[in-house]
Every structure is written in C-alpha cells, then in structure tokens.
file final.txt (compact mmCIF, N, CA and C atoms)
# COMPACT_ATOMS: atom_id res chain seq x y z
N MET A 1483 4.80 -1.24 -6.91
CA MET A 1483 6.17 -1.05 -6.52
C MET A 1483 7.01 -2.05 -7.30
N SER A 1484 8.11 -1.57 -7.89
CA SER A 1484 8.94 -2.45 -8.69
C SER A 1484 9.82 -3.31 -7.78
N ALA A 1485 10.44 -4.32 -8.39
CA ALA A 1485 11.28 -5.24 -7.61
C ALA A 1485 12.50 -4.52 -7.06
N HIS A 1486 13.06 -3.57 -7.85
CA HIS A 1486 14.24 -2.85 -7.40
C HIS A 1486 13.93 -1.95 -6.20
N SER A 1487 12.82 -1.24 -6.27
CA SER A 1487 12.48 -0.37 -5.15
C SER A 1487 12.07 -1.17 -3.92
N ALA A 1488 11.45 -2.35 -4.14
CA ALA A 1488 11.11 -3.20 -3.00
C ALA A 1488 12.37 -3.74 -2.33
N LEU A 1489 13.39 -4.07 -3.13
CA LEU A 1489 14.65 -4.55 -2.59
C LEU A 1489 15.35 -3.43 -1.83
N ALA A 1490 15.34 -2.21 -2.38
CA ALA A 1490 15.97 -1.09 -1.71
C ALA A 1490 15.24 -0.73 -0.42
N ALA A 1491 13.92 -0.84 -0.44
CA ALA A 1491 13.14 -0.51 0.75
C ALA A 1491 13.33 -1.54 1.85
N SER A 1492 13.62 -2.78 1.47
CA SER A 1492 13.77 -3.82 2.48
C SER A 1492 15.11 -3.73 3.21
N GLY A 1493 16.06 -2.96 2.67
CA GLY A 1493 17.35 -2.82 3.32
C GLY A 1493 18.33 -3.92 2.93
N ALA A 1494 17.95 -4.81 2.03
CA ALA A 1494 18.84 -5.88 1.60
C ALA A 1494 19.88 -5.30 0.66
N PRO A 1495 21.12 -5.74 0.77
CA PRO A 1495 22.15 -5.20 -0.12
C PRO A 1495 21.93 -5.67 -1.55
N ALA A 1496 22.19 -4.77 -2.48
CA ALA A 1496 22.06 -5.12 -3.89
C ALA A 1496 23.25 -5.99 -4.29
N ARG A 1497 23.06 -6.84 -5.27
CA ARG A 1497 24.14 -7.71 -5.73
C ARG A 1497 25.18 -6.89 -6.48
N GLN A 1498 26.42 -7.25 -6.27
CA GLN A 1498 27.50 -6.57 -6.96
C GLN A 1498 27.92 -7.41 -8.15
N GLY A 1499 28.24 -6.74 -9.24
CA GLY A 1499 28.72 -7.44 -10.42
C GLY A 1499 30.17 -7.83 -10.27
N ILE A 1500 30.63 -8.67 -11.18
CA ILE A 1500 32.02 -9.15 -11.13
C ILE A 1500 32.99 -8.01 -11.36
N GLY A 1501 32.60 -7.01 -12.16
CA GLY A 1501 33.47 -5.86 -12.40
C GLY A 1501 33.67 -5.03 -11.15
N THR A 1502 32.64 -4.87 -10.35
CA THR A 1502 32.74 -4.11 -9.11
C THR A 1502 33.63 -4.83 -8.12
N ARG A 1503 33.49 -6.12 -8.04
CA ARG A 1503 34.33 -6.91 -7.12
C ARG A 1503 35.78 -6.89 -7.56
N LEU A 1504 36.01 -7.00 -8.87
CA LEU A 1504 37.38 -6.98 -9.38
C LEU A 1504 38.02 -5.63 -9.14
N ALA A 1505 37.25 -4.56 -9.29
CA ALA A 1505 37.78 -3.22 -9.04
C ALA A 1505 38.13 -3.04 -7.57
N ALA A 1506 37.41 -3.69 -6.68
CA ALA A 1506 37.70 -3.58 -5.25
C ALA A 1506 38.92 -4.40 -4.86
N VAL A 1507 39.17 -5.49 -5.56
CA VAL A 1507 40.28 -6.39 -5.21
C VAL A 1507 41.55 -6.05 -5.98
N ALA A 1508 41.45 -5.32 -7.08
CA ALA A 1508 42.60 -5.04 -7.95
C ALA A 1508 43.76 -4.36 -7.23
N PRO A 1509 43.54 -3.34 -6.38
CA PRO A 1509 44.72 -2.74 -5.70
C PRO A 1509 45.47 -3.74 -4.82
N PHE A 1510 44.74 -4.63 -4.17
CA PHE A 1510 45.40 -5.61 -3.31
C PHE A 1510 46.19 -6.63 -4.14
N LEU A 1511 45.66 -7.01 -5.28
CA LEU A 1511 46.38 -7.91 -6.17
C LEU A 1511 47.63 -7.25 -6.73
N LEU A 1512 47.55 -5.96 -7.03
CA LEU A 1512 48.71 -5.22 -7.51
C LEU A 1512 49.80 -5.16 -6.45
N ILE A 1513 49.42 -4.86 -5.22
CA ILE A 1513 50.39 -4.81 -4.12
C ILE A 1513 51.00 -6.19 -3.87
N LEU A 1514 50.18 -7.24 -3.94
CA LEU A 1514 50.71 -8.59 -3.78
C LEU A 1514 51.71 -8.93 -4.87
N GLY A 1515 51.40 -8.56 -6.11
CA GLY A 1515 52.32 -8.81 -7.22
C GLY A 1515 53.64 -8.08 -7.04
N LEU A 1516 53.58 -6.82 -6.62
CA LEU A 1516 54.80 -6.07 -6.37
C LEU A 1516 55.59 -6.67 -5.22
N ALA A 1517 54.91 -7.12 -4.18
CA ALA A 1517 55.59 -7.72 -3.04
C ALA A 1517 56.29 -9.01 -3.43
N LEU A 1518 55.69 -9.77 -4.34
CA LEU A 1518 56.33 -11.01 -4.78
C LEU A 1518 57.52 -10.74 -5.69
N LEU A 1519 57.55 -9.59 -6.35
CA LEU A 1519 58.66 -9.27 -7.24
C LEU A 1519 59.86 -8.66 -6.52
N VAL A 1520 59.67 -8.11 -5.33
CA VAL A 1520 60.76 -7.42 -4.64
C VAL A 1520 61.96 -8.34 -4.37
N PRO A 1521 61.77 -9.55 -3.83
CA PRO A 1521 62.95 -10.39 -3.60
C PRO A 1521 63.64 -10.83 -4.89
N ILE A 1522 62.89 -10.93 -5.97
CA ILE A 1522 63.47 -11.38 -7.23
C ILE A 1522 64.21 -10.25 -7.94
N ALA A 1523 63.55 -9.10 -8.07
CA ALA A 1523 64.09 -8.01 -8.87
C ALA A 1523 64.89 -7.01 -8.06
N GLY A 1524 64.68 -6.94 -6.77
CA GLY A 1524 65.34 -5.92 -5.96
C GLY A 1524 66.61 -6.45 -5.32
N ASN A 1525 67.34 -5.52 -4.72
CA ASN A 1525 68.52 -5.91 -3.96
C ASN A 1525 68.16 -5.98 -2.48
N ASP A 1526 69.15 -6.18 -1.64
CA ASP A 1526 68.89 -6.32 -0.20
C ASP A 1526 68.30 -5.06 0.41
N TYR A 1527 68.73 -3.90 -0.08
CA TYR A 1527 68.23 -2.64 0.46
C TYR A 1527 66.72 -2.52 0.23
N TRP A 1528 66.26 -2.77 -0.99
CA TRP A 1528 64.84 -2.62 -1.29
C TRP A 1528 64.01 -3.70 -0.62
N THR A 1529 64.60 -4.87 -0.42
CA THR A 1529 63.89 -5.91 0.34
C THR A 1529 63.70 -5.47 1.79
N LEU A 1530 64.72 -4.85 2.38
CA LEU A 1530 64.62 -4.34 3.75
C LEU A 1530 63.55 -3.24 3.83
N ILE A 1531 63.55 -2.32 2.88
CA ILE A 1531 62.57 -1.24 2.87
C ILE A 1531 61.16 -1.80 2.72
N ALA A 1532 60.96 -2.76 1.83
CA ALA A 1532 59.63 -3.34 1.62
C ALA A 1532 59.17 -4.11 2.86
N THR A 1533 60.10 -4.80 3.52
CA THR A 1533 59.75 -5.53 4.74
C THR A 1533 59.32 -4.58 5.84
N ARG A 1534 60.06 -3.50 6.02
CA ARG A 1534 59.68 -2.52 7.04
C ARG A 1534 58.35 -1.85 6.71
N ALA A 1535 58.13 -1.56 5.43
CA ALA A 1535 56.85 -0.96 5.04
C ALA A 1535 55.69 -1.91 5.34
N ALA A 1536 55.90 -3.20 5.12
CA ALA A 1536 54.85 -4.18 5.41
C ALA A 1536 54.58 -4.28 6.91
N ILE A 1537 55.63 -4.23 7.71
CA ILE A 1537 55.46 -4.27 9.17
C ILE A 1537 54.71 -3.05 9.65
N TYR A 1538 55.08 -1.87 9.15
CA TYR A 1538 54.39 -0.64 9.55
C TYR A 1538 52.94 -0.65 9.08
N TRP A 1539 52.69 -1.24 7.91
CA TRP A 1539 51.33 -1.33 7.40
C TRP A 1539 50.47 -2.19 8.34
N ILE A 1540 51.02 -3.27 8.83
CA ILE A 1540 50.29 -4.13 9.76
C ILE A 1540 50.00 -3.38 11.06
N LEU A 1541 51.00 -2.65 11.58
CA LEU A 1541 50.79 -1.90 12.81
C LEU A 1541 49.75 -0.80 12.64
N VAL A 1542 49.81 -0.08 11.53
CA VAL A 1542 48.84 0.98 11.29
C VAL A 1542 47.44 0.41 11.07
N SER A 1543 47.35 -0.73 10.42
CA SER A 1543 46.04 -1.37 10.23
C SER A 1543 45.43 -1.77 11.56
N GLY A 1544 46.24 -2.28 12.47
CA GLY A 1544 45.75 -2.62 13.80
C GLY A 1544 45.30 -1.39 14.57
N LEU A 1545 46.07 -0.31 14.46
CA LEU A 1545 45.68 0.93 15.12
C LEU A 1545 44.39 1.49 14.53
N ASN A 1546 44.26 1.41 13.20
CA ASN A 1546 43.03 1.87 12.55
C ASN A 1546 41.84 1.03 12.98
N LEU A 1547 42.02 -0.25 13.12
CA LEU A 1547 40.93 -1.13 13.53
C LEU A 1547 40.48 -0.81 14.95
N VAL A 1548 41.43 -0.66 15.88
CA VAL A 1548 41.07 -0.45 17.28
C VAL A 1548 40.56 0.98 17.51
N VAL A 1549 41.31 1.97 17.05
CA VAL A 1549 40.94 3.35 17.33
C VAL A 1549 39.89 3.86 16.36
N GLY A 1550 40.04 3.52 15.08
CA GLY A 1550 39.12 4.05 14.07
C GLY A 1550 37.78 3.37 14.05
N PHE A 1551 37.75 2.08 13.77
CA PHE A 1551 36.48 1.37 13.60
C PHE A 1551 35.81 1.05 14.94
N ALA A 1552 36.60 0.61 15.93
CA ALA A 1552 36.02 0.25 17.22
C ALA A 1552 35.80 1.47 18.11
N GLY A 1553 36.52 2.56 17.85
CA GLY A 1553 36.34 3.77 18.62
C GLY A 1553 36.94 3.72 20.01
N GLN A 1554 37.84 2.80 20.25
CA GLN A 1554 38.48 2.69 21.56
C GLN A 1554 39.82 3.42 21.53
N LEU A 1555 40.12 4.09 22.61
CA LEU A 1555 41.42 4.74 22.70
C LEU A 1555 42.33 3.88 23.57
N ALA A 1556 42.60 2.67 23.09
CA ALA A 1556 43.44 1.72 23.81
C ALA A 1556 44.51 1.22 22.86
N ILE A 1557 45.75 1.39 23.23
CA ILE A 1557 46.85 0.93 22.38
C ILE A 1557 47.69 -0.11 23.10
N GLY A 1558 47.11 -0.81 24.06
CA GLY A 1558 47.83 -1.84 24.80
C GLY A 1558 48.18 -3.05 23.96
N TYR A 1559 47.48 -3.22 22.83
CA TYR A 1559 47.78 -4.35 21.96
C TYR A 1559 49.17 -4.22 21.35
N VAL A 1560 49.72 -3.01 21.30
CA VAL A 1560 51.07 -2.82 20.76
C VAL A 1560 52.08 -3.53 21.65
N ALA A 1561 51.83 -3.59 22.94
CA ALA A 1561 52.72 -4.31 23.85
C ALA A 1561 52.73 -5.80 23.51
N LEU A 1562 51.59 -6.34 23.11
CA LEU A 1562 51.55 -7.75 22.72
C LEU A 1562 52.32 -7.99 21.42
N LEU A 1563 52.26 -7.01 20.49
CA LEU A 1563 53.06 -7.12 19.28
C LEU A 1563 54.55 -7.09 19.63
N LEU A 1564 54.91 -6.27 20.60
CA LEU A 1564 56.29 -6.18 21.04
C LEU A 1564 56.75 -7.50 21.65
N VAL A 1565 55.92 -8.11 22.48
CA VAL A 1565 56.27 -9.39 23.10
C VAL A 1565 56.45 -10.46 22.03
N GLY A 1566 55.55 -10.48 21.05
CA GLY A 1566 55.67 -11.46 19.97
C GLY A 1566 56.91 -11.24 19.12
N ALA A 1567 57.21 -9.98 18.80
CA ALA A 1567 58.40 -9.70 18.00
C ALA A 1567 59.68 -10.06 18.75
N TYR A 1568 59.71 -9.75 20.04
CA TYR A 1568 60.89 -10.07 20.84
C TYR A 1568 61.06 -11.59 20.95
N THR A 1569 59.96 -12.30 21.18
CA THR A 1569 60.02 -13.76 21.28
C THR A 1569 60.53 -14.36 19.98
N THR A 1570 60.03 -13.87 18.84
CA THR A 1570 60.48 -14.39 17.55
C THR A 1570 61.97 -14.14 17.36
N SER A 1571 62.43 -12.93 17.67
CA SER A 1571 63.84 -12.62 17.45
C SER A 1571 64.75 -13.44 18.35
N VAL A 1572 64.36 -13.64 19.61
CA VAL A 1572 65.20 -14.42 20.52
C VAL A 1572 65.25 -15.89 20.10
N LEU A 1573 64.09 -16.43 19.72
CA LEU A 1573 64.07 -17.85 19.34
C LEU A 1573 64.74 -18.10 18.00
N ALA A 1574 64.54 -17.20 17.03
CA ALA A 1574 65.14 -17.41 15.71
C ALA A 1574 66.64 -17.16 15.72
N ALA A 1575 67.10 -16.24 16.56
CA ALA A 1575 68.53 -15.93 16.61
C ALA A 1575 69.31 -16.97 17.40
N GLY A 1576 68.64 -17.67 18.31
CA GLY A 1576 69.32 -18.69 19.10
C GLY A 1576 70.16 -18.10 20.21
N THR A 1577 69.76 -16.98 20.78
CA THR A 1577 70.54 -16.36 21.84
C THR A 1577 70.35 -17.04 23.19
N VAL A 1578 69.16 -17.59 23.43
CA VAL A 1578 68.88 -18.24 24.71
C VAL A 1578 68.87 -19.75 24.56
N LEU A 1579 68.18 -20.24 23.57
CA LEU A 1579 68.09 -21.66 23.24
C LEU A 1579 68.74 -21.88 21.88
N PRO A 1580 68.90 -23.13 21.47
CA PRO A 1580 69.34 -23.34 20.08
C PRO A 1580 68.34 -22.69 19.11
N ALA A 1581 68.84 -22.23 17.98
CA ALA A 1581 68.01 -21.49 17.02
C ALA A 1581 66.83 -22.33 16.53
N PHE A 1582 65.65 -21.73 16.56
CA PHE A 1582 64.43 -22.37 16.05
C PHE A 1582 64.26 -22.00 14.58
N PRO A 1583 63.59 -22.84 13.81
CA PRO A 1583 63.20 -22.40 12.46
C PRO A 1583 62.24 -21.21 12.58
N VAL A 1584 62.25 -20.33 11.60
CA VAL A 1584 61.51 -19.08 11.68
C VAL A 1584 60.01 -19.33 11.84
N VAL A 1585 59.47 -20.30 11.12
CA VAL A 1585 58.03 -20.58 11.20
C VAL A 1585 57.67 -21.08 12.60
N LEU A 1586 58.50 -21.90 13.18
CA LEU A 1586 58.25 -22.38 14.55
C LEU A 1586 58.39 -21.24 15.56
N ALA A 1587 59.35 -20.35 15.34
CA ALA A 1587 59.52 -19.19 16.22
C ALA A 1587 58.29 -18.28 16.15
N LEU A 1588 57.72 -18.10 14.95
CA LEU A 1588 56.51 -17.29 14.81
C LEU A 1588 55.32 -17.93 15.53
N ALA A 1589 55.21 -19.26 15.45
CA ALA A 1589 54.12 -19.95 16.14
C ALA A 1589 54.28 -19.81 17.66
N CYS A 1590 55.51 -19.96 18.13
CA CYS A 1590 55.76 -19.78 19.57
C CYS A 1590 55.48 -18.35 20.00
N ALA A 1591 55.79 -17.38 19.15
CA ALA A 1591 55.53 -15.98 19.48
C ALA A 1591 54.04 -15.71 19.60
N GLY A 1592 53.24 -16.34 18.74
CA GLY A 1592 51.80 -16.19 18.86
C GLY A 1592 51.27 -16.78 20.16
N ALA A 1593 51.82 -17.92 20.55
CA ALA A 1593 51.40 -18.55 21.80
C ALA A 1593 51.82 -17.71 23.01
N VAL A 1594 53.04 -17.20 22.99
CA VAL A 1594 53.52 -16.37 24.10
C VAL A 1594 52.72 -15.08 24.17
N GLY A 1595 52.42 -14.47 23.02
CA GLY A 1595 51.60 -13.25 23.01
C GLY A 1595 50.21 -13.49 23.55
N ALA A 1596 49.64 -14.66 23.23
CA ALA A 1596 48.32 -15.00 23.74
C ALA A 1596 48.34 -15.18 25.26
N VAL A 1597 49.37 -15.85 25.77
CA VAL A 1597 49.48 -16.06 27.21
C VAL A 1597 49.66 -14.72 27.94
N VAL A 1598 50.52 -13.86 27.41
CA VAL A 1598 50.73 -12.55 28.02
C VAL A 1598 49.46 -11.72 27.94
N GLY A 1599 48.72 -11.83 26.85
CA GLY A 1599 47.47 -11.10 26.70
C GLY A 1599 46.41 -11.55 27.71
N VAL A 1600 46.37 -12.83 28.00
CA VAL A 1600 45.42 -13.33 28.99
C VAL A 1600 45.80 -12.87 30.39
N VAL A 1601 47.10 -12.90 30.68
CA VAL A 1601 47.57 -12.46 31.99
C VAL A 1601 47.28 -10.98 32.16

call {"tool": "encode", "arguments": {"input": "final.txt", "output": "structure tokens"}}
result
Amino acid sequence: MSAHSALAASGAPARQGIGTRLAAVAPFLLILGLALLVPIAGNDYWTLIATRAAIYWILVSGLNLVVGFAGQLAIGYVALLLVGAYTTSVLAAGTVLPAFPVVLALACAGAVGAVVGVV
C-alpha cells in the first residue's frame, strides 16, 4: 500500500498547497480591498449602500449559521442583534445620556446584548 493510499484510508486530511489556500482566501481579500476603497473613492451614497450591504451580510451569515449549518429553526438571536443595535444608537446619539464614543457604545451594546441573552 502506498503512502498516499494509506493516508487516504486513515481519514487524515491531505495537505493543501499554498495555491489552494490563496484561491480560497482571494475572494475575501478582494472584498476587503473594495470595502477599504469605498470611503476613499465613493461618495456618501455609495458608503451608505456598502454599509447596509455589510450589515445585511452579517445578518444573513448568522441566519445561515443557525438555520443552515446547525439545523435549528430558531431566529431569537435576531432580537439580541436588535437590542445591541438599539443600545449602540441610543448611546452614540446621546439621546438619554451624554454621547458615548462609537467604540465604547459598541462595547456597551455587546455587554447589554449578553445580559439580555442570559435573561
């Protein structure tokens, strides 16, 4: 029995070459490059469209993870996203308290979402 067939029979994954890994990562690098160029080359309208597309991409990825890969028909996590988004907007806008920096508002939103999720 050759080494290749012994490796295949053992169930161990074969090593991937650098070209295969680069081909798998290339679309993500392309999207990252385009995302970094939008604020520089685009106007406010295209920045708004790209931001909304990124938000929807995150929501769809979460839905795909829960419903697709895990096989659960539970979408209650969307309520936690809503709580986090609302917390961020209230804290960053300064409607209830003095305005927080955006990064601090995001951190507080994660903490509030975690507390609501536990409850």

call {"tool": "atom_distance", "arguments": {"input": "final.txt", "atom1": "atom C of Phe1551 of chain A", "atom2": "atom N of Trp1539 of chain A"}}
result
18.4 Å

call {"tool": "select_by_dssp", "arguments": {"input": "final.txt", "residues": "chain A", "states": "helix (DSSP H, G or I)", "output": "count of residues only"}}
result
92

call {"tool": "residues_around", "arguments": {"input": "final.txt", "residues": "Gly1592 of chain A", "least_positions_apart": "3", "cutoff": "8 Å", "atoms": "all atoms listed in the file", "output": "PDB file with N, CA and C atoms, in the frame of the given file"}}
result
ATOM      1  N   VAL A1565      55.920  -8.110  22.480  1.00  0.00           N
ATOM      2  CA  VAL A1565      56.270  -9.390  23.100  1.00  0.00           C
ATOM      3  C   VAL A1565      56.450 -10.460  22.030  1.00  0.00           C
ATOM      4  N   GLY A1566      55.550 -10.480  21.050  1.00  0.00           N
ATOM      5  CA  GLY A1566      55.670 -11.460  19.970  1.00  0.00           C
ATOM      6  C   GLY A1566      56.910 -11.240  19.120  1.00  0.00           C
ATOM      7  N   ALA A1567      57.210  -9.980  18.800  1.00  0.00           N
ATOM      8  CA  ALA A1567      58.400  -9.700  18.000  1.00  0.00           C
ATOM      9  C   ALA A1567      59.680 -10.060  18.750  1.00  0.00           C
ATOM     10  N   THR A1569      59.960 -12.300  21.180  1.00  0.00           N
ATOM     11  CA  THR A1569      60.020 -13.760  21.280  1.00  0.00           C
ATOM     12  C   THR A1569      60.530 -14.360  19.980  1.00  0.00           C
ATOM     13  N   THR A1570      60.030 -13.870  18.840  1.00  0.00           N
ATOM     14  CA  THR A1570      60.480 -14.390  17.550  1.00  0.00           C
ATOM     15  C   THR A1570      61.970 -14.140  17.360  1.00  0.00           C
ATOM     16  N   LEU A1586      58.500 -21.900  13.180  1.00  0.00           N
ATOM     17  CA  LEU A1586      58.250 -22.380  14.550  1.00  0.00           C
ATOM     18  C   LEU A1586      58.390 -21.240  15.560  1.00  0.00           C
ATOM     19  N   ALA A1587      59.350 -20.350  15.340  1.00  0.00           N
ATOM     20  CA  ALA A1587      59.520 -19.190  16.220  1.00  0.00           C
ATOM     21  C   ALA A1587      58.290 -18.280  16.150  1.00  0.00           C
ATOM     22  N   LEU A1588      57.720 -18.100  14.950  1.00  0.00           N
ATOM     23  CA  LEU A1588      56.510 -17.290  14.810  1.00  0.00           C
ATOM     24  C   LEU A1588      55.320 -17.930  15.530  1.00  0.00           C
ATOM     25  N   ALA A1589      55.210 -19.260  15.450  1.00  0.00           N
ATOM     26  CA  ALA A1589      54.120 -19.950  16.140  1.00  0.00           C
ATOM     27  C   ALA A1589      54.280 -19.810  17.660  1.00  0.00           C
ATOM     28  N   GLY A1595      52.420 -14.470  23.020  1.00  0.00           N
ATOM     29  CA  GLY A1595      51.600 -13.250  23.010  1.00  0.00           C
ATOM     30  C   GLY A1595      50.210 -13.490  23.550  1.00  0.00           C
ATOM     31  N   ALA A1596      49.640 -14.660  23.230  1.00  0.00           N
ATOM     32  CA  ALA A1596      48.320 -15.000  23.740  1.00  0.00           C
ATOM     33  C   ALA A1596      48.340 -15.180  25.260  1.00  0.00           C
ATOM     34  N   VAL A1597      49.370 -15.850  25.770  1.00  0.00           N
ATOM     35  CA  VAL A1597      49.480 -16.060  27.210  1.00  0.00           C
ATOM     36  C   VAL A1597      49.660 -14.720  27.940  1.00  0.00           C
ATOM     37  N   VAL A1598      50.520 -13.860  27.410  1.00  0.00           N
ATOM     38  CA  VAL A1598      50.730 -12.550  28.020  1.00  0.00           C
ATOM     39  C   VAL A1598      49.460 -11.720  27.940  1.00  0.00           C
TER      40      VAL A1598
END

call {"tool": "residues_around", "arguments": {"input": "final.txt", "residues": "Pro1521 of chain A", "least_positions_apart": "6", "cutoff": "12 Å", "atoms": "only C-alpha atoms", "output": "ChimeraX atom specification"}}
result
/A:1515,1527-1533

call {"tool": "atom_distance", "arguments": {"input": "final.txt", "atom1": "atom N of Leu1511 of chain A", "atom2": "atom CA of Ala1591 of chain A"}}
result
28.1 Å

call {"tool": "atom_distance", "arguments": {"input": "final.txt", "atom1": "atom N of Ala1506 of chain A", "atom2": "atom C of Tyr1538 of chain A"}}
result
22.3 Å
